[in-house]
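First comes the structure, then the notes that go with it.
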Amino acid sequence: MLKTSSNKAENTHLSFSYTKYIFGTAILALSLLNNTTSWADGIGTSASAPSLQVTSPDLVTPNDMKRGSLLLKATEAGKMVEAIQLATNVEIDVSGPIARTKVTQRFRNPSQGWVEGTYVFPLPENSAVDTLKMQIGDRFIEGIIKPKEEAKKIYEEAKRTGKKASLVEQLRPNMFTNSVANIGPGEIVVVQIEYQESVKQSNGLFSMRFPMVVAPRYSPKPTIVETVTFNEDSSTGNNGWGVINDPVPDRDKITPPVLDPAEFAKTNPVSLTMTLSSGFPIGEIKSPFHSVTTDYKSKDQVTVSLADDIVPADRDFEITWKAEPNYEPRVALFKESTPQGDFVLAFVTPPKLEDIQEEEIQKKPREVIFVLDNSGSMSGPSIRQAKDSLIFALSKLTNQDRFNIVRFDDTYEVLFSSAADASQANLDIAKEFVSSLEADGGTEMLPALKAALYDSTPQNTEYLRQVIFLTDGAIGNEKEMFDIIVKQRGRSRIFTVGIGSAPNSHFMSRASEFGQGTFTHIGSERQVKERMTELFHKLENPVMTDLRATWADTENVEVSPSSLPDLYSGEPIVLAARSDSFSGTLELSGRYNNQPWAIKLPLAKAANGQGIDKLWARRKIAEYEGQYFLNDDRSSLDKLITQTALNYHLVSRLTSLVAVDITPSRPLDESLVSQDLPLNLPDGWDFNKVFGEGYSTLPAPAKDTSLDQAHNLILMKPTQVAMNGGNQKALPLPSTATTAELKIIAGFILLFLSIVLLVFTRKSSPKPEGQA
């Protein structure tokens, strides 16, 4: 509400300002209406719509541009091409412990040439990606799952012959690429990806993360491995020459161009909505990194939306929720029947530690090895979060414990020659050491990990040995790290603490899984105390061990995980299982604080669930991947991974989704330009610290890279378009229902009304005193 004033001059100023606002809005509306026509061209517009007016040629120079645009260097010297524009819409539906997410990516070609766009994007590391849909005009093409090489051949052939095609490939379990071929001049191609995942639960807190940006990855340089073989035929190829051993063979694919925030505006806008149907009364809802609005439909159903409607893709979205006080569910059981069998998903939270008397808790002294990443990617807020976390962790040590610190960038350093007593003098030395650290250099994590896992007393059972890794995990050689953890972990348990706005959650969660520990994410400095307190609560207290699942009256049950891990305080047991038919009960048992514990679940009482088969299959694939480091027969594992992915229509390391339009659209005499879509630098990162002074990951500077207005036009003007007249849900698409002529008329009407209002307000405004 506007505050009123008795001052005549102020009223005159207010009226004139308001008139300027209306007039400006009309001009903007006219401009947007005209732009909408251009964007809609080729996306199902009426036959009477005028042809697209694009002032730039296929190849341009900066001086040719009449509007702000991101320019990329072309093959012809001195020429450039306009970069593809991208906007993303995310819809998350949570039903109990299962979440189904739709990610709609809109690729717009602003130039007059034909382009292929490749976008590297993140998804949750445990996501089961099973659906690809591509829209061209009013037609929809459903993607099919194929072995990776076969899918690539199908896509390349479609690209060569001028057909529109989309290919979704997995680079890492949390990193994917979407390639879209033959996007015509001014066209928008809409691609929708869907995946299934389970909700995370810990200490009564439910949470989900939707990653929005792939952080730049540090990849160690290849090394030369000398091999010498005597008395062999040279035709075998093994004749003593050095061979390249690249720890990151796909380094080119996982390193897309990154925008320097000092030179480029943020791009790749995202809109996000979430429907939360918990199955229990919902209490407090929080989103620590984004402002959100909540609309309670009922006690157990809430719609959550971004308060800003659209945000740049530069940090992960996280949301947490609790049950209402006095209602905290400890058990969830769901069942699904499919042609491939029956599937069960169970969540069971053991008794809280508070239920055990303090004097009954048996604690052991600990040997804690802290590993701190102070490489360049950790500069800014990340290094402060990491240092604060480590100093807080040091304060939680008791005089019974001992500790050491390993720090690394492209070198590493160990504070004490061996683990030292947690005396006040040693703690003071450690705090001074940590406080003096600065972030710079590369991320050579492997030597630091080996140093942390080195155990001079591997048979010592008096101390619990715990390794706490504080890093953003921005590396490309994850497999090397996993191999070392599996083979050299010994009695150590590894706890990863992900630092920053976009940590490599695949590496962090898998490293802690192989290390029989946990993964904690700290995304801001205000979370340090809360998250580290929660972590140390787990570190200091007993673990539930010897967990087993027993199936009464059901045979041939395939459980994932096949071997249940040890659990820490507040963590639920989560398992998915498959059988031809389930009956009877599921009994979970184990030992907690050296006391037996068990619970029986009647399978007949399980609620109906959807997508449990996908979650089970995704977990099985992850298990097969985990066996790589202990199994020499990797070809057999590859066959199991491929077959499981094909059976359940999932993207994996060895399978991809491909969609091809059967109708050629690009004339074969027209050339095709390929582009890697640039990403934002994660929020809080220092570009120069990551890439070095004077480095540019883009081949040409931008004249004006602010694409928000154009992207907002896509995201904020959706229209629901039915899919093939069936009962499937509609896709939100760019508005194309209004003809261009009507838009222009509407714009002129707004312009005329604003002029009338301007004249009226000037006549009615009181004149200043003393003026005739």
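By order in the structure tokens, chains are A, B, ...; within a chain, residues start at 1; ligands start at 1, following the order shown.
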
TODO: Once DSSP has gone over the backbone, tell me which residues of stretch 106-221 of chain A are in helix (DSSP H, G or I), as a PyMOL selection string.
DONE: chain A and resi 148-160

TODO: Could you give me, as a list in words, the residues within 7 Å of A:Ala346, counting only C-alpha atoms and dropping anything in the same chain fewer than 6 positions from it?
DONE: Ala332, Leu333, Phe334, Val574, Leu575 and Ala576 of chain A

Please save N, CA and C atoms of the selected residues as a PDB file, in the first residue's frame.
ATOM      1  N   ALA A 332       8.330 -47.307   7.657  1.00  0.00           N
ATOM      2  CA  ALA A 332       7.587 -47.120   6.412  1.00  0.00           C
ATOM      3  C   ALA A 332       7.780 -48.377   5.570  1.00  0.00           C
ATOM      4  N   LEU A 333       6.699 -48.894   5.012  1.00  0.00           N
ATOM      5  CA  LEU A 333       6.765 -50.131   4.241  1.00  0.00           C
ATOM      6  C   LEU A 333       5.872 -49.991   3.010  1.00  0.00           C
ATOM      7  N   PHE A 334       6.472 -50.184   1.828  1.00  0.00           N
ATOM      8  CA  PHE A 334       5.745 -50.034   0.571  1.00  0.00           C
ATOM      9  C   PHE A 334       5.991 -51.256  -0.316  1.00  0.00           C
ATOM     10  N   VAL A 574      17.445 -48.741   5.319  1.00  0.00           N
ATOM     11  CA  VAL A 574      16.711 -48.575   4.065  1.00  0.00           C
ATOM     12  C   VAL A 574      17.085 -49.724   3.140  1.00  0.00           C
ATOM     13  N   LEU A 575      16.102 -50.525   2.756  1.00  0.00           N
ATOM     14  CA  LEU A 575      16.405 -51.614   1.827  1.00  0.00           C
ATOM     15  C   LEU A 575      15.287 -51.753   0.806  1.00  0.00           C
ATOM     16  N   ALA A 576      15.682 -52.203  -0.368  1.00  0.00           N
ATOM     17  CA  ALA A 576      14.739 -52.531  -1.437  1.00  0.00           C
ATOM     18  C   ALA A 576      14.945 -53.991  -1.792  1.00  0.00           C
TER      19      ALA A 576
END

- [ ] Might you pull out every residue within 9 Å of stretch 542-549 of chain A, with only C-alpha atoms counted and same-chain residues fewer than 5 positions away left off, and present them as a ChimeraX atom specification?
- [x] /A:350,353,361-364,559,563-569,573,586-594

Closest-contact table, stretch 452-541 of chain A side, partner stretch 300-321 of chain A, 9 Å, counting only C-alpha atoms, as CSV:
residue,atom,partner,partner_atom,distance
A:Gly500,CA,A:Arg315,CA,8.6
A:Ser501,CA,A:Arg315,CA,4.9
A:Ala502,CA,A:Arg315,CA,5.5
A:Pro503,CA,A:Asp316,CA,8.5
A:Gly523,CA,A:Asp316,CA,8.7

Using only N, CA and C atoms, please write the residues we just selected to a file, as an mmCIF file, in the first residue's frame.
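Output file result07.cif is given in full below:
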data_model
loop_
_atom_site.group_PDB
_atom_site.id
_atom_site.type_symbol
_atom_site.label_atom_id
_atom_site.label_comp_id
_atom_site.auth_asym_id
_atom_site.auth_seq_id
_atom_site.Cartn_x
_atom_site.Cartn_y
_atom_site.Cartn_z
ATOM 1 N N GLY A 500 30.532 -26.301 0.598
ATOM 2 C CA GLY A 500 30.242 -25.372 -0.485
ATOM 3 C C GLY A 500 28.872 -25.544 -1.106
ATOM 4 N N SER A 501 28.623 -24.721 -2.131
ATOM 5 C CA SER A 501 27.295 -24.632 -2.745
ATOM 6 C C SER A 501 26.992 -25.759 -3.716
ATOM 7 N N ALA A 502 28.022 -26.475 -4.197
ATOM 8 C CA ALA A 502 27.793 -27.539 -5.193
ATOM 9 C C ALA A 502 28.838 -28.638 -5.050
ATOM 10 N N PRO A 503 28.831 -29.377 -3.931
ATOM 11 C CA PRO A 503 29.837 -30.426 -3.758
ATOM 12 C C PRO A 503 29.589 -31.610 -4.685
ATOM 13 N N GLY A 523 26.631 -26.354 3.466
ATOM 14 C CA GLY A 523 26.538 -25.453 2.338
ATOM 15 C C GLY A 523 26.720 -23.992 2.675
#

Task: Who sits within 8 Å of stretch 199-206 of chain A, only C-alpha atoms, same chain under 2 positions skipped, as JSON, numbers by chain - done: {"A": [97, 98, 99, 197, 208, 320, 321, 322, 323, 328, 569, 570, 571, 572]}

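Candidate residues A:Ala645, A:Pro288, A:Asp683, A:Phe280 were compared for distance to A:Tyr327, and the nearest is A:Phe280, using only C-alpha atoms.
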
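Across A:Leu427, A:Ile662, A:Ile641, A:Ala181, the tightest approach to A:Tyr155 is made by A:Ala181 when counting only C-alpha atoms.
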
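What separates atom CA of A:Ser579 from atom CA of A:Asp638 is a distance of 23.0 Å.
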
Which polymer residues have any atom within 8 Å of an atom of A:Val331, counting only C-alpha atoms, with same-chain residues fewer than 5 positions away left out, as a PDB file with all heavy atoms, in the first residue's frame?
ATOM      1  N   ALA A 346      11.563 -50.690   2.356  1.00  0.00           N
ATOM      2  CA  ALA A 346      11.368 -50.578   3.803  1.00  0.00           C
ATOM      3  C   ALA A 346      12.292 -49.522   4.394  1.00  0.00           C
ATOM      4  O   ALA A 346      13.477 -49.465   4.047  1.00  0.00           O
ATOM      5  CB  ALA A 346      11.614 -51.936   4.476  1.00  0.00           C
ATOM      6  N   PHE A 347      11.736 -48.687   5.272  1.00  0.00           N
ATOM      7  CA  PHE A 347      12.490 -47.718   6.074  1.00  0.00           C
ATOM      8  C   PHE A 347      12.199 -48.024   7.536  1.00  0.00           C
ATOM      9  O   PHE A 347      11.040 -48.000   7.957  1.00  0.00           O
ATOM     10  CB  PHE A 347      12.028 -46.281   5.794  1.00  0.00           C
ATOM     11  CG  PHE A 347      12.486 -45.702   4.498  1.00  0.00           C
ATOM     12  CD1 PHE A 347      11.971 -46.134   3.295  1.00  0.00           C
ATOM     13  CD2 PHE A 347      13.422 -44.680   4.485  1.00  0.00           C
ATOM     14  CE1 PHE A 347      12.369 -45.588   2.093  1.00  0.00           C
ATOM     15  CE2 PHE A 347      13.838 -44.119   3.286  1.00  0.00           C
ATOM     16  CZ  PHE A 347      13.316 -44.575   2.091  1.00  0.00           C
ATOM     17  N   VAL A 348      13.232 -48.292   8.306  1.00  0.00           N
ATOM     18  CA  VAL A 348      13.053 -48.563   9.731  1.00  0.00           C
ATOM     19  C   VAL A 348      14.122 -47.795  10.509  1.00  0.00           C
ATOM     20  O   VAL A 348      15.320 -47.970  10.255  1.00  0.00           O
ATOM     21  CB  VAL A 348      13.147 -50.069  10.052  1.00  0.00           C
ATOM     22  CG1 VAL A 348      12.988 -50.301  11.552  1.00  0.00           C
ATOM     23  CG2 VAL A 348      12.095 -50.852   9.284  1.00  0.00           C
ATOM     24  N   THR A 349      13.693 -46.960  11.445  1.00  0.00           N
ATOM     25  CA  THR A 349      14.631 -46.215  12.282  1.00  0.00           C
ATOM     26  C   THR A 349      14.760 -46.909  13.631  1.00  0.00           C
ATOM     27  O   THR A 349      13.749 -47.065  14.337  1.00  0.00           O
ATOM     28  CB  THR A 349      14.149 -44.767  12.498  1.00  0.00           C
ATOM     29  OG1 THR A 349      13.966 -44.150  11.223  1.00  0.00           O
ATOM     30  CG2 THR A 349      15.165 -43.970  13.296  1.00  0.00           C
TER      31      THR A 349
END

- [ ] Just the strand (DSSP E) stuff from stretch 170-365 of chain A, please, per backbone DSSP, written as a ChimeraX atom specification.
- [x] /A:170-172,175-183,188-198,200-202,205-210,223-225,243-245,269-277,282-286,292-298,301-306,311-312,317-323,331-338,341-348

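Distance annotation: of A:Ser271, A:Thr338, A:Ser418, A:Thr520, the residue with the minimal separation from A:Thr457 is A:Ser418; atom set is only C-alpha atoms.
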
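With distances restricted to only C-alpha atoms, A:Pro185 is the closest residue to A:Ser111 from A:Gly441, A:Pro185, A:Gly96, A:Pro664.
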